[in-house]
Amino acid sequence: MIIIPREKPAAQDLNSYYLKIDKLLEHYQGALGTGGVYFKSPVSEGVIFFDEDNLLNGYYKGKKEEFKGSAALNKIKETVSKNNYSVTVYYILPERVYYWANLSNAEQLYSDLSSEFTDLEALIKKMENEKVTGYIDVKLNQNSGGGLLFIYNGEVIGGASAQGDGELDRSVEYRDDLIKRSREVGGIFNVKKIQLSKITTLAKPSEIKSAKPVLKSSKPAHPNKSTVRPQKDPQRVLRMLQDLLVLLEKVVRSNKRIKVDFETLLNKEFVNKVDQYDFLDPFAAEFRYSHGKVTFNGTASQKELVVSIVECVKDMTAGLGMTAVFRKYLATWKKKYTDEIIDFNIEM
């Protein structure tokens, strides 16, 4: 099972028979900066991760064999025409691409932790406190399956079911369900850690033409390196935040137990965040939501603005005990703003 964030393809359903892989990689290095190319056929699958300068890693899985690194690049190159792959290209956030590229290189941190002595939720909390980057492999008893929980700098950024096909599930519900089932039937937990400081690159795209790409160590990929994507349309970003707050207001107003005016509750949440985001100060009115409309006349970056409002919404719904209810309203909003959700790494 190959794991790669697959929310929004940059290109899909390409036939490998007609592609020059090195040219394809060079093109999307320039167009996207960071991402992954996923190859799928009835008998095998593979992935090549890249940043704007280099190929970061590769992984290949057939019916009876698996390869990673340079061997995976070679195997994909050898089979690209005869296996007739369906090829899909995905953008991956610059700060996260090194994580996904090195998932197959993770090192054992804790092995065979039994649920009899270790609670999964407590284990996740430990990873959070220690700012671990890696993943937890959960194997449940009674043939109940299990799954993976992916952790980046202590934060759970998604999961994947052991019975699935590698699709990433970013919902809190997936994590909570795995915790619940681990308590009901028990299981074993293995924790692996990704050492981002040890990352090296494999090759430049043109070098996969040769039979054996040489592992490059003279220019290690830096996990903090960031490719800046073009700025999003400012008005569309504001509309996205406006629609999010309109949804929140609808949910809050529908709860008859809440007697306080919605805008009062929202401004109270803004005040709680002023030390971190001064542009949310209701008295300065740089950012304002009133009567279903958002206005902003400050100088904060789009990233800061989006992060601050998403944090306010998450904290407000949690404080009101409405997180689960609010998530039911988000499907249409997420579909409408898929590009922005990926670009700004919004997780709700």
# chains A, B, ... in the order shown; residues from 1 in each chain; ligands from 1
>>> select_by_dssp(residues="range 36-283 of chain A", states="helix (DSSP H, G or I)", output="PyMOL selection string")
chain A and resi 70-79+94-101+103-105+120-129+172-185+196-198+205-209+234-254+262-272+278-280
>>> write_last_selection(atoms="C-alpha atoms", output="mmCIF file, in the first residue's frame")
data_model
loop_
_atom_site.group_PDB
_atom_site.id
_atom_site.type_symbol
_atom_site.label_atom_id
_atom_site.label_comp_id
_atom_site.auth_asym_id
_atom_site.auth_seq_id
_atom_site.Cartn_x
_atom_site.Cartn_y
_atom_site.Cartn_z
ATOM 1 C CA SER A 70 17.228 4.261 -6.543
ATOM 2 C CA ALA A 71 16.071 0.675 -7.071
ATOM 3 C CA ALA A 72 12.464 1.867 -7.174
ATOM 4 C CA LEU A 73 13.298 4.552 -9.743
ATOM 5 C CA ASN A 74 14.972 1.923 -11.919
ATOM 6 C CA LYS A 75 12.066 -0.491 -11.580
ATOM 7 C CA ILE A 76 9.476 2.143 -12.490
ATOM 8 C CA LYS A 77 11.576 3.149 -15.499
ATOM 9 C CA GLU A 78 11.920 -0.482 -16.620
ATOM 10 C CA THR A 79 8.202 -1.245 -16.336
ATOM 11 C CA PRO A 94 6.830 22.014 0.615
ATOM 12 C CA GLU A 95 7.109 21.558 4.378
ATOM 13 C CA ARG A 96 5.415 18.150 4.176
ATOM 14 C CA VAL A 97 6.903 16.615 1.002
ATOM 15 C CA TYR A 98 10.059 15.453 2.831
ATOM 16 C CA TYR A 99 7.861 13.674 5.361
ATOM 17 C CA TRP A 100 5.907 11.687 2.764
ATOM 18 C CA ALA A 101 8.989 11.036 0.666
ATOM 19 C CA LEU A 103 7.891 7.424 5.093
ATOM 20 C CA SER A 104 9.491 4.210 3.820
ATOM 21 C CA ASN A 105 12.771 5.131 5.574
ATOM 22 C CA LEU A 120 -3.544 4.593 22.083
ATOM 23 C CA GLU A 121 -4.851 8.044 22.955
ATOM 24 C CA ALA A 122 -2.175 8.419 25.634
ATOM 25 C CA LEU A 123 0.454 7.261 23.127
ATOM 26 C CA ILE A 124 -0.692 9.917 20.657
ATOM 27 C CA LYS A 125 -0.460 12.514 23.433
ATOM 28 C CA LYS A 126 3.089 11.369 24.185
ATOM 29 C CA MET A 127 4.031 11.795 20.510
ATOM 30 C CA GLU A 128 2.490 15.275 20.604
ATOM 31 C CA ASN A 129 4.428 16.299 23.719
ATOM 32 C CA VAL A 172 -10.587 13.527 13.583
ATOM 33 C CA GLU A 173 -13.326 10.895 13.391
ATOM 34 C CA TYR A 174 -10.899 8.368 11.868
ATOM 35 C CA ARG A 175 -8.430 8.816 14.709
ATOM 36 C CA ASP A 176 -11.168 8.667 17.362
ATOM 37 C CA ASP A 177 -12.653 5.513 15.810
ATOM 38 C CA LEU A 178 -9.235 3.814 15.836
ATOM 39 C CA ILE A 179 -8.790 4.751 19.505
ATOM 40 C CA LYS A 180 -12.259 3.424 20.341
ATOM 41 C CA ARG A 181 -11.742 0.113 18.545
ATOM 42 C CA SER A 182 -8.301 -0.376 20.116
ATOM 43 C CA ARG A 183 -9.940 -0.124 23.543
ATOM 44 C CA GLU A 184 -12.738 -2.517 22.596
ATOM 45 C CA VAL A 185 -10.741 -5.356 21.003
ATOM 46 C CA LEU A 196 14.224 14.622 8.637
ATOM 47 C CA SER A 197 17.772 15.777 9.418
ATOM 48 C CA LYS A 198 19.142 12.646 7.679
ATOM 49 C CA PRO A 205 15.102 13.885 -13.387
ATOM 50 C CA SER A 206 17.487 13.628 -16.339
ATOM 51 C CA GLU A 207 19.629 11.119 -14.417
ATOM 52 C CA ILE A 208 16.925 8.428 -14.349
ATOM 53 C CA LYS A 209 17.781 7.809 -18.013
ATOM 54 C CA PRO A 234 -7.175 37.778 -2.000
ATOM 55 C CA GLN A 235 -10.889 38.186 -2.563
ATOM 56 C CA ARG A 236 -11.385 34.453 -2.959
ATOM 57 C CA VAL A 237 -9.473 33.809 0.284
ATOM 58 C CA LEU A 238 -11.727 36.286 2.073
ATOM 59 C CA ARG A 239 -14.815 34.664 0.541
ATOM 60 C CA MET A 240 -13.583 31.297 1.787
ATOM 61 C CA LEU A 241 -13.262 32.649 5.337
ATOM 62 C CA GLN A 242 -16.568 34.478 5.016
ATOM 63 C CA ASP A 243 -18.379 31.303 3.941
ATOM 64 C CA LEU A 244 -16.763 29.425 6.831
ATOM 65 C CA LEU A 245 -17.974 31.984 9.357
ATOM 66 C CA VAL A 246 -21.439 32.083 7.790
ATOM 67 C CA LEU A 247 -21.632 28.307 8.286
ATOM 68 C CA LEU A 248 -20.500 28.671 11.877
ATOM 69 C CA GLU A 249 -23.078 31.385 12.536
ATOM 70 C CA LYS A 250 -25.810 29.176 11.076
ATOM 71 C CA VAL A 251 -24.891 26.309 13.387
ATOM 72 C CA VAL A 252 -24.618 28.530 16.461
ATOM 73 C CA ARG A 253 -27.933 30.296 15.801
ATOM 74 C CA SER A 254 -29.672 26.939 15.328
ATOM 75 C CA PHE A 262 -22.991 35.174 17.459
ATOM 76 C CA GLU A 263 -20.848 38.213 16.657
ATOM 77 C CA THR A 264 -20.283 38.792 20.363
ATOM 78 C CA LEU A 265 -19.075 35.197 20.762
ATOM 79 C CA LEU A 266 -16.828 35.532 17.719
ATOM 80 C CA ASN A 267 -15.284 38.802 18.876
ATOM 81 C CA LYS A 268 -14.652 37.245 22.287
ATOM 82 C CA GLU A 269 -12.739 34.471 20.507
ATOM 83 C CA PHE A 270 -10.808 37.123 18.539
ATOM 84 C CA VAL A 271 -9.827 38.844 21.794
ATOM 85 C CA ASN A 272 -8.464 35.533 23.108
ATOM 86 C CA ASP A 278 -3.025 41.436 16.681
ATOM 87 C CA PHE A 279 -5.025 42.048 13.484
ATOM 88 C CA LEU A 280 -7.971 40.218 15.094
#
>>> closest_residue(among="A:Asn102, A:Gln302, A:Asn190, A:Gln12", to="Asn57 in chain A", atoms="only C-alpha atoms")
A:Asn102
>>> residues_around(residues="Gly30 in chain A", least_positions_apart="5", cutoff="10 Å", atoms="only C-alpha atoms", output="list of chain:residue names")
A:Leu25, A:Asp51, A:Glu52, A:Asp53
>>> residues_around(residues="Tyr277 in chain A", least_positions_apart="4", cutoff="10 Å", atoms="only C-alpha atoms", output="list in words")
Phe270, Val271, Asn272, Lys273, Asp281, Ala300, Glu304, Leu305, Val307, Ser308 and Ile309 of chain A
>>> write_last_selection(atoms="N, CA and C atoms", output="PDB file, in the first residue's frame")
ATOM      1  N   PHE A 270     -11.858  36.289  19.126  1.00  0.00           N
ATOM      2  CA  PHE A 270     -10.808  37.123  18.539  1.00  0.00           C
ATOM      3  C   PHE A 270      -9.936  37.736  19.634  1.00  0.00           C
ATOM      4  N   VAL A 271     -10.577  38.227  20.691  1.00  0.00           N
ATOM      5  CA  VAL A 271      -9.827  38.844  21.794  1.00  0.00           C
ATOM      6  C   VAL A 271      -8.871  37.831  22.425  1.00  0.00           C
ATOM      7  N   ASN A 272      -9.321  36.581  22.530  1.00  0.00           N
ATOM      8  CA  ASN A 272      -8.464  35.533  23.108  1.00  0.00           C
ATOM      9  C   ASN A 272      -7.212  35.282  22.277  1.00  0.00           C
ATOM     10  N   LYS A 273      -7.269  35.673  20.990  1.00  0.00           N
ATOM     11  CA  LYS A 273      -6.151  35.401  20.084  1.00  0.00           C
ATOM     12  C   LYS A 273      -5.320  36.650  19.770  1.00  0.00           C
ATOM     13  N   ASP A 281      -7.865  42.049  16.694  1.00  0.00           N
ATOM     14  CA  ASP A 281      -8.387  42.937  17.735  1.00  0.00           C
ATOM     15  C   ASP A 281      -9.670  43.628  17.244  1.00  0.00           C
ATOM     16  N   ALA A 300      -1.500  41.620   7.297  1.00  0.00           N
ATOM     17  CA  ALA A 300      -1.137  40.229   7.586  1.00  0.00           C
ATOM     18  C   ALA A 300      -1.132  39.417   6.296  1.00  0.00           C
ATOM     19  N   GLU A 304      -1.238  33.801   7.507  1.00  0.00           N
ATOM     20  CA  GLU A 304      -1.553  34.200   8.878  1.00  0.00           C
ATOM     21  C   GLU A 304      -3.049  34.369   9.073  1.00  0.00           C
ATOM     22  N   LEU A 305      -3.681  35.003   8.102  1.00  0.00           N
ATOM     23  CA  LEU A 305      -5.109  35.280   8.190  1.00  0.00           C
ATOM     24  C   LEU A 305      -5.911  33.982   8.238  1.00  0.00           C
ATOM     25  N   VAL A 307      -4.861  30.884   8.956  1.00  0.00           N
ATOM     26  CA  VAL A 307      -4.550  30.096  10.153  1.00  0.00           C
ATOM     27  C   VAL A 307      -5.286  30.651  11.371  1.00  0.00           C
ATOM     28  N   SER A 308      -5.298  31.963  11.508  1.00  0.00           N
ATOM     29  CA  SER A 308      -5.924  32.577  12.683  1.00  0.00           C
ATOM     30  C   SER A 308      -7.427  32.331  12.725  1.00  0.00           C
ATOM     31  N   ILE A 309      -8.100  32.488  11.593  1.00  0.00           N
ATOM     32  CA  ILE A 309      -9.551  32.306  11.573  1.00  0.00           C
ATOM     33  C   ILE A 309      -9.920  30.835  11.763  1.00  0.00           C
TER      34      ILE A 309
END
>>> closest_residue(among="A:Ala162, A:Leu55, A:Ile157, A:Ala331", to="Leu140 in chain A", atoms="only C-alpha atoms")
A:Ala162
>>> atom_distance(atom1="CA of Ile188 in chain A", atom2="CA of Gly147 in chain A")
11.0 Å
>>> residues_around(residues="Leu24 in chain A", least_positions_apart="4", cutoff="12 Å", atoms="only C-alpha atoms", output="tab-separated table (two decimals) with N, CA and C atoms, in the first residue's frame")
chain	number	residue	atom	x	y	z
A	11	ALA	N	-2.61	16.59	-12.30
A	11	ALA	CA	-2.87	15.91	-13.58
A	11	ALA	C	-3.25	14.47	-13.25
A	14	LEU	N	-3.14	9.94	-16.88
A	14	LEU	CA	-2.16	9.97	-17.96
A	14	LEU	C	-1.71	8.53	-18.23
A	15	ASN	N	-1.49	8.19	-19.48
A	15	ASN	CA	-1.06	6.84	-19.85
A	15	ASN	C	0.46	6.81	-19.99
A	16	SER	N	1.12	5.98	-19.19
A	16	SER	CA	2.58	5.98	-19.17
A	16	SER	C	3.19	5.57	-20.51
A	18	TYR	N	2.69	6.75	-23.29
A	18	TYR	CA	2.95	7.91	-24.13
A	18	TYR	C	3.83	8.97	-23.44
A	19	LEU	N	4.35	8.63	-22.26
A	19	LEU	CA	5.07	9.64	-21.48
A	19	LEU	C	6.58	9.40	-21.45
A	20	LYS	N	7.33	10.48	-21.41
A	20	LYS	CA	8.75	10.44	-21.08
A	20	LYS	C	8.85	10.88	-19.63
A	28	TYR	N	6.82	19.17	-13.92
A	28	TYR	CA	6.07	19.43	-12.69
A	28	TYR	C	6.96	19.94	-11.57
A	29	GLN	N	8.26	19.74	-11.66
A	29	GLN	CA	9.16	20.42	-10.73
A	29	GLN	C	9.04	21.93	-10.92
A	30	GLY	N	8.95	22.34	-12.16
A	30	GLY	CA	8.80	23.77	-12.44
A	30	GLY	C	7.41	24.28	-12.16
A	31	ALA	N	6.39	23.47	-12.49
A	31	ALA	CA	5.00	23.91	-12.35
A	31	ALA	C	4.51	23.87	-10.90
A	32	LEU	N	4.94	22.85	-10.14
A	32	LEU	CA	4.43	22.68	-8.78
A	32	LEU	C	5.48	22.96	-7.71
A	36	GLY	N	4.39	14.60	-5.88
A	36	GLY	CA	4.65	13.19	-6.11
A	36	GLY	C	3.94	12.71	-7.36
A	37	VAL	N	4.56	11.80	-8.09
A	37	VAL	CA	3.96	11.19	-9.27
A	37	VAL	C	3.62	9.75	-8.92
A	38	TYR	N	2.34	9.40	-9.02
A	38	TYR	CA	1.86	8.08	-8.62
A	38	TYR	C	1.55	7.24	-9.85
A	48	ILE	N	7.08	8.49	-7.19
A	48	ILE	CA	8.34	9.24	-7.17
A	48	ILE	C	8.03	10.61	-6.57
A	50	PHE	N	9.33	14.49	-5.46
A	50	PHE	CA	10.29	15.48	-5.97
A	50	PHE	C	10.14	16.82	-5.27
A	87	VAL	N	-1.11	7.30	-14.65
A	87	VAL	CA	-0.20	8.21	-13.93
A	87	VAL	C	-0.98	9.43	-13.43
A	88	THR	N	-0.78	9.74	-12.14
A	88	THR	CA	-1.41	10.91	-11.53
A	88	THR	C	-0.34	11.73	-10.82
A	89	VAL	N	-0.43	13.05	-10.95
A	89	VAL	CA	0.55	13.95	-10.33
A	89	VAL	C	-0.15	14.75	-9.23
A	205	PRO	N	15.94	14.65	-12.45
A	205	PRO	CA	15.10	13.88	-13.39
A	205	PRO	C	15.85	13.32	-14.57
A	206	SER	N	16.78	14.10	-15.15
A	206	SER	CA	17.49	13.63	-16.34
A	206	SER	C	18.35	12.41	-16.05
A	208	ILE	N	17.59	9.73	-14.37
A	208	ILE	CA	16.93	8.43	-14.35
A	208	ILE	C	17.00	7.76	-15.71
>>> atom_distance(atom1="CA of Phe49 in chain A", atom2="CA of Leu109 in chain A")
24.4 Å
>>> closest_residue(among="A:Ser301, A:Ser161, A:Thr34, A:Thr338", to="Leu93 in chain A", atoms="only C-alpha atoms")
A:Thr34
>>> closest_residue(among="A:Met322, A:Ile194, A:Met348, A:Ala285", to="Arg257 in chain A", atoms="only C-alpha atoms")
A:Met322
>>> closest_residue(among="A:Gln108, A:Asn297, A:Asn141, A:Ser41", to="Tyr85 in chain A", atoms="only C-alpha atoms")
A:Ser41
>>> residues_around(residues="range 341-346 of chain A", least_positions_apart="3", cutoff="8 Å", atoms="only C-alpha atoms", output="number ranges by chain")
A: 7-8, 93, 303, 306-307, 310, 334, 337-338
